[in-house]
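Have a look at final.csv; it's CSV, C-alpha atoms:
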chain,number,residue,atom,x,y,z
A,1,MET,CA,83.4,128.0,104.0
A,2,ALA,CA,84.8,128.8,100.5
A,3,THR,CA,88.4,127.9,101.2
A,4,ALA,CA,87.5,124.5,102.4
A,5,ALA,CA,85.4,123.6,99.3
A,6,THR,CA,88.4,123.1,97.0
A,7,PRO,CA,90.0,120.2,98.9
A,8,LEU,CA,86.9,118.2,99.1
A,9,GLU,CA,86.2,118.8,95.5
A,10,ALA,CA,89.7,117.5,94.8
A,11,GLY,CA,89.0,114.4,96.9
A,12,ARG,CA,85.8,113.5,95.1
A,13,THR,CA,86.4,110.5,92.8
A,14,ARG,CA,83.1,110.0,91.1
A,15,THR,CA,79.4,110.3,91.2
A,16,ARG,CA,77.2,107.3,91.9
A,17,THR,CA,76.9,106.4,88.2
A,18,GLY,CA,79.9,108.1,86.7
A,19,PRO,CA,83.4,106.7,86.0
A,20,ARG,CA,86.2,107.0,88.5
A,21,ASP,CA,88.4,110.0,87.7
A,22,GLY,CA,91.2,109.2,90.2
A,23,VAL,CA,91.9,108.8,93.8
A,24,VAL,CA,93.5,111.0,96.5
A,25,ARG,CA,97.0,111.7,95.3
A,26,HIS,CA,100.0,110.7,97.3
A,27,LEU,CA,101.7,113.9,98.5
A,28,GLY,CA,104.8,112.5,100.1
A,29,ALA,CA,103.3,112.4,103.6
A,30,ASP,CA,106.3,110.6,105.0
A,31,ASP,CA,108.9,112.8,103.4
A,32,ARG,CA,109.7,115.1,106.2
A,33,SER,CA,112.3,117.0,104.1
A,34,SER,CA,109.7,118.0,101.5
A,35,THR,CA,109.0,121.7,101.4
A,36,ARG,CA,105.4,121.0,100.6
A,37,VAL,CA,104.9,118.7,103.5
A,38,ARG,CA,106.8,121.1,105.9
A,39,ILE,CA,104.3,123.7,104.9
A,40,VAL,CA,101.3,121.4,105.4
A,41,ASP,CA,102.6,120.3,108.8
A,42,GLY,CA,103.2,123.9,109.8
A,43,ALA,CA,99.6,124.8,108.8
A,44,LEU,CA,98.3,121.8,110.8
A,45,GLY,CA,100.0,123.1,113.9
A,46,CYS,CA,98.6,126.6,113.4
A,47,LEU,CA,95.1,125.2,112.8
A,48,ALA,CA,95.3,123.1,116.0
A,49,ARG,CA,96.3,126.2,118.0
A,50,GLN,CA,94.2,129.0,116.5
A,51,GLY,CA,91.9,127.7,113.7
A,52,ILE,CA,91.5,128.9,110.2
A,53,ALA,CA,90.3,132.5,110.7
A,54,LYS,CA,93.3,133.6,112.7
A,55,THR,CA,96.0,131.7,110.8
A,56,THR,CA,97.9,133.7,108.2
A,57,VAL,CA,100.5,132.7,105.6
A,58,ASP,CA,103.2,134.3,107.8
A,59,ASP,CA,102.1,132.1,110.7
A,60,ILE,CA,102.4,129.0,108.5
A,61,ALA,CA,105.8,130.1,107.2
A,62,ARG,CA,107.2,130.6,110.7
A,63,ALA,CA,105.8,127.2,111.8
A,64,ALA,CA,107.3,125.5,108.8
A,65,GLY,CA,110.7,127.3,109.3
A,66,LEU,CA,110.5,128.7,105.8
A,67,SER,CA,110.4,132.2,104.3
A,68,ARG,CA,107.1,133.7,103.2
A,69,ALA,CA,108.4,133.8,99.6
A,70,THR,CA,109.1,130.1,99.7
A,71,VAL,CA,105.6,129.4,100.8
A,72,TYR,CA,104.1,131.4,98.0
A,73,ARG,CA,106.4,129.8,95.5
A,74,THR,CA,105.1,126.4,96.6
A,75,PHE,CA,101.5,127.5,96.9
A,76,PRO,CA,100.8,130.5,94.6
A,77,GLN,CA,97.2,130.5,95.8
A,78,GLY,CA,98.4,131.3,99.3
A,79,LYS,CA,96.3,130.3,102.2
A,80,GLU,CA,93.5,128.7,100.1
A,81,GLY,CA,96.0,126.5,98.3
A,82,ILE,CA,97.6,125.5,101.6
A,83,LEU,CA,94.3,124.5,103.2
A,84,ALA,CA,93.4,122.4,100.1
A,85,ALA,CA,96.8,120.6,100.5
A,86,VAL,CA,96.2,120.1,104.2
A,87,VAL,CA,92.9,118.3,103.6
A,88,GLU,CA,94.3,116.2,100.7
A,89,THR,CA,97.4,115.2,102.6
A,90,GLU,CA,95.5,114.3,105.8
A,91,VAL,CA,93.1,112.1,103.8
A,92,ALA,CA,96.1,110.4,102.2
A,93,ARG,CA,97.7,109.8,105.6
A,94,LEU,CA,94.4,108.5,107.1
A,95,PHE,CA,93.9,105.9,104.4
A,96,SER,CA,97.6,105.0,104.5
A,97,SER,CA,97.2,104.1,108.2
A,98,LEU,CA,93.9,102.3,107.5
A,99,ALA,CA,95.6,100.3,104.7
A,100,VAL,CA,98.1,99.0,107.2
A,101,ALA,CA,95.5,98.1,109.9
A,102,MET,CA,93.0,96.6,107.6
A,103,GLY,CA,95.5,94.8,105.5
A,104,GLU,CA,96.5,92.6,108.4
A,105,ALA,CA,92.9,91.4,109.0
A,106,THR,CA,92.2,87.7,108.6
A,107,ASP,CA,88.4,87.7,108.4
A,108,LEU,CA,85.5,90.1,107.8
A,109,GLU,CA,84.9,90.8,111.4
A,110,ASP,CA,88.6,91.7,111.9
A,111,VAL,CA,88.7,94.0,108.9
A,112,LEU,CA,85.6,95.9,110.2
A,113,VAL,CA,87.1,96.2,113.7
A,114,ALA,CA,90.5,97.2,112.5
A,115,GLY,CA,89.2,99.9,110.1
A,116,MET,CA,86.7,101.4,112.5
A,117,VAL,CA,89.1,101.5,115.4
A,118,GLU,CA,91.9,103.1,113.4
A,119,GLY,CA,89.6,105.6,111.8
A,120,ALA,CA,88.1,106.6,115.1
A,121,ARG,CA,91.5,107.0,116.7
A,122,ARG,CA,92.8,109.1,113.9
A,123,LEU,CA,89.8,111.4,113.8
A,124,ARG,CA,89.4,111.7,117.6
A,125,SER,CA,93.1,112.6,118.1
A,126,HIS,CA,93.4,115.0,115.2
A,127,GLY,CA,94.3,118.4,116.8
A,128,ALA,CA,93.3,120.6,113.9
A,129,LEU,CA,90.1,118.8,113.3
A,130,GLY,CA,89.2,118.9,117.0
A,131,TYR,CA,89.9,122.6,117.3
A,132,LEU,CA,87.8,123.4,114.2
A,133,LEU,CA,84.8,121.3,115.3
A,134,GLU,CA,84.8,123.1,118.7
A,135,HIS,CA,85.6,126.7,117.7
A,136,GLU,CA,84.8,126.9,113.9
A,137,PRO,CA,82.3,124.2,113.2
A,138,GLY,CA,81.1,126.1,110.1
A,139,ALA,CA,84.3,125.2,108.4
A,140,ILE,CA,83.6,121.4,108.8
A,141,LEU,CA,80.0,120.7,109.4
A,142,PRO,CA,78.7,121.7,105.9
A,143,PHE,CA,80.8,118.8,104.5
A,144,LEU,CA,79.1,116.3,106.9
A,145,THR,CA,75.6,116.9,105.8
A,146,PHE,CA,73.4,116.2,102.8
A,147,SER,CA,75.0,115.9,99.4
A,148,GLU,CA,78.5,116.9,100.7
A,149,LEU,CA,78.4,114.0,103.1
A,150,ASP,CA,77.5,111.7,100.1
A,151,ARG,CA,80.7,112.9,98.4
A,152,VAL,CA,82.8,112.2,101.5
A,153,LEU,CA,81.2,108.7,101.8
A,154,LEU,CA,81.9,107.9,98.2
A,155,VAL,CA,85.6,108.7,98.5
A,156,ALA,CA,85.9,106.9,101.8
A,157,GLY,CA,83.9,103.9,100.6
A,158,ASP,CA,85.8,103.6,97.3
A,159,LEU,CA,89.1,103.6,99.1
A,160,ALA,CA,88.1,101.2,101.8
A,161,ALA,CA,86.1,98.7,99.7
A,162,PRO,CA,89.1,96.7,98.3
A,163,PHE,CA,89.8,95.6,101.9
A,164,PHE,CA,86.3,94.1,102.1
A,165,ALA,CA,86.4,92.6,98.7
A,166,ARG,CA,88.4,89.6,100.0
A,167,TRP,CA,85.1,88.4,101.5
A,168,LEU,CA,82.4,90.2,99.7
A,169,ALA,CA,81.3,90.8,96.1
A,170,PRO,CA,82.3,94.3,94.7
A,171,GLU,CA,78.9,96.0,95.2
A,172,GLN,CA,78.5,94.4,98.7
A,173,ALA,CA,82.1,95.5,99.6
A,174,SER,CA,81.3,99.1,98.6
A,175,ARG,CA,78.1,99.2,100.7
A,176,ALA,CA,79.8,97.6,103.7
A,177,ALA,CA,82.7,100.1,103.5
A,178,GLU,CA,80.3,103.0,103.3
A,179,TRP,CA,78.2,101.7,106.2
A,180,ALA,CA,81.3,101.4,108.4
A,181,VAL,CA,82.4,105.0,107.5
A,182,ARG,CA,78.9,106.3,108.4
A,183,ILE,CA,79.1,104.6,111.8
A,184,VAL,CA,82.6,106.0,112.6
A,185,LEU,CA,81.5,109.5,111.6
A,186,ALA,CA,78.4,109.2,113.7
A,187,TYR,CA,80.1,108.0,116.8
A,188,CYS,CA,83.0,110.5,116.5
A,189,SER,CA,80.7,113.5,116.0
A,190,ASP,CA,78.4,112.4,118.8
A,191,PRO,CA,80.2,110.0,121.2
A,192,SER,CA,78.1,107.3,122.9
A,193,PRO,CA,78.6,106.4,126.6
A,194,TYR,CA,78.0,102.8,125.6
A,195,ALA,CA,80.6,102.3,122.9
A,196,ASP,CA,84.0,103.9,122.4
A,197,LEU,CA,85.1,103.1,118.9
A,198,THR,CA,88.7,103.9,119.8
A,199,HIS,CA,88.6,100.8,122.0
A,200,PRO,CA,88.9,97.4,120.2
A,201,ASP,CA,86.7,95.5,122.6
A,202,ASP,CA,83.8,98.0,122.4
A,203,THR,CA,84.1,98.1,118.6
A,204,ARG,CA,84.1,94.3,118.3
A,205,ALA,CA,81.0,94.1,120.4
A,206,LEU,CA,79.2,96.7,118.2
A,207,VAL,CA,80.4,94.9,115.1
A,208,ARG,CA,79.2,91.5,116.3
A,209,ALA,CA,75.8,92.7,117.5
A,210,PHE,CA,74.8,95.0,114.7
A,211,VAL,CA,77.2,95.5,111.8
A,212,LEU,CA,78.3,92.0,110.8
A,213,PRO,CA,74.8,90.5,110.9
A,214,GLY,CA,73.6,93.1,108.5
A,215,ILE,CA,76.5,92.6,106.1
A,216,LEU,CA,76.1,88.8,106.2
A,217,ALA,CA,72.4,89.2,105.5
A,218,LEU,CA,73.3,91.4,102.5
A,219,ARG,CA,75.6,88.7,101.2
A,220,ASN,CA,73.1,85.9,101.8
A,221,ASP,CA,70.3,87.9,100.1
A,222,ALA,CA,72.5,88.3,97.1
A,223,GLY,CA,73.3,84.6,97.0
A,224,SER,CA,69.6,83.7,97.4
A,225,SER,CA,68.7,86.0,94.5
A,226,SER,CA,71.3,84.4,92.3
A,227,ARG,CA,70.1,80.9,93.1
A,228,PHE,CA,66.5,81.9,92.5
A,229,ILE,CA,67.4,83.4,89.1
A,230,SER,CA,69.5,80.4,88.2
A,231,THR,CA,66.7,78.0,89.3
A,232,SER,CA,64.0,79.9,87.5
A,233,ARG,CA,66.0,79.9,84.3
A,234,SER,CA,66.6,76.1,84.7
A,235,ILE,CA,62.9,75.4,85.3
A,236,SER,CA,61.9,77.6,82.3
A,237,SER,CA,64.4,75.8,80.0
A,238,SER,CA,63.1,72.5,81.2
A,239,ASN,CA,59.5,73.4,80.6
A,240,ARG,CA,60.3,74.5,77.1
A,241,ALA,CA,62.1,71.2,76.4
A,242,ASP,CA,59.3,69.1,77.8
A,243,ARG,CA,56.4,71.0,76.3
A,244,PRO,CA,54.8,69.1,73.3
A,245,ILE,CA,54.8,70.9,70.0
A,246,GLN,CA,51.3,72.1,69.2
A,247,PRO,CA,50.0,71.6,65.7
A,248,THR,CA,50.0,74.8,63.7
A,249,ARG,CA,46.5,76.1,62.9
A,250,PRO,CA,45.9,76.6,59.2
A,251,THR,CA,45.7,80.2,58.2
A,252,THR,CA,44.5,80.2,54.7
A,253,LYS,CA,40.9,79.6,53.6
A,254,GLY,CA,41.9,76.7,51.3
A,255,ALA,CA,43.7,74.9,54.1
A,256,ALA,CA,40.8,75.5,56.4
A,257,GLN,CA,38.5,73.7,54.0
This entry written out as structure tokens:
Amino acid sequence: MATAATPLEAGRTRTRTGPRDGVVRHLGADDRSSTRVRIVDGALGCLARQGIAKTTVDDIARAAGLSRATVYRTFPQGKEGILAAVVETEVARLFSSLAVAMGEATDLEDVLVAGMVEGARRLRSHGALGYLLEHEPGAILPFLTFSELDRVLLVAGDLAAPFFARWLAPEQASRAAEWAVRIVLAYCSDPSPYADLTHPDDTRALVRAFVLPGILALRNDAGSSSRFISTSRSISSSNRADRPIQPTRPTTKGAAQ
């Protein structure tokens, strides 16, 4: 849907190889007196009740307790601009809550469990997101497939990776964060009867059985590769030092004679 493309483009931080252009901007998510946030929250209420198609700027203004003119002064682009701000603000709020939960972790297993549980709870309890997935999936699903999903994962992985970096090298931290995000999205979009990621015990069992072993193997492989390269260089240097110097073969005719 055209109106939803803008916020995800705004949330994109970089390509796989390009430099980081920025992160999701803080929009005063906790400032309840902010006109901008009042409009965003009003829009969220409307989306949770009636979705995107039926929501008008007048609906949002009434829900926010503001005049239509005030809404347009804040968002000259109207509904499209409001929807972009809704996505951006909700992403900022999500990662603010994840930062609190993951920042309290004391080991790699705990940071995985904390992040996955908090992420699953926020996504599963989000009224507007739930309504859209049920009644207007076309507004959401295009951004959870193919290249658009890659962009979502890049943003999410970049923002979550620093919490993994306490126990993993930077590249490993990014891969672990992206993997955790993929798992949360998969389980939230298609719930399993065997694991409820909103439940800490279920999530910890999943992490211990499948996620953590893979991440530890990734770390061990990297360590083995580094040791192999270091050992190979050492052996190569040693061989060069111990190798006897061969006499130089004469190259001129006179010398040959």
*For A:Phe164, which of A:Thr74, A:Thr145, A:Ser67, A:Thr106 is the closest residue, counting only C-alpha atoms?*
A:Thr106
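Going from atom CA of A:Asp150 over to atom CA of A:Ala177, you cover 13.2 Å.
Of the listed residues A:Thr198, A:Ser174, A:Ser147, A:Thr56, the one whose atoms come nearest to A:Ala160 is A:Ser174, with distances taken using all atoms listed in the file.
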_Between atom CA of A:Ile39 and atom CA of A:Glu136, what is the distance in Å, rounded to a tenth?_
21.7 Å
_The residues within 12 Å of (85.2, 117.9, 112.6), using all atoms listed in the file and the coordinates of the file, should be reported as a PyMOL selection string; which are they?_
chain A and resi 48+51+87+120+122-145+185-190
*Pick from A:Arg151, A:Arg219, A:Arg62, A:Arg36: nearest to A:Thr89, with only C-alpha atoms counted?*
A:Arg36
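Distances here use all atoms listed in the file; by that measure, the residue among A:Lys54, A:Arg175, A:Arg121, A:Arg49 closest to A:Ala101 is A:Arg121.
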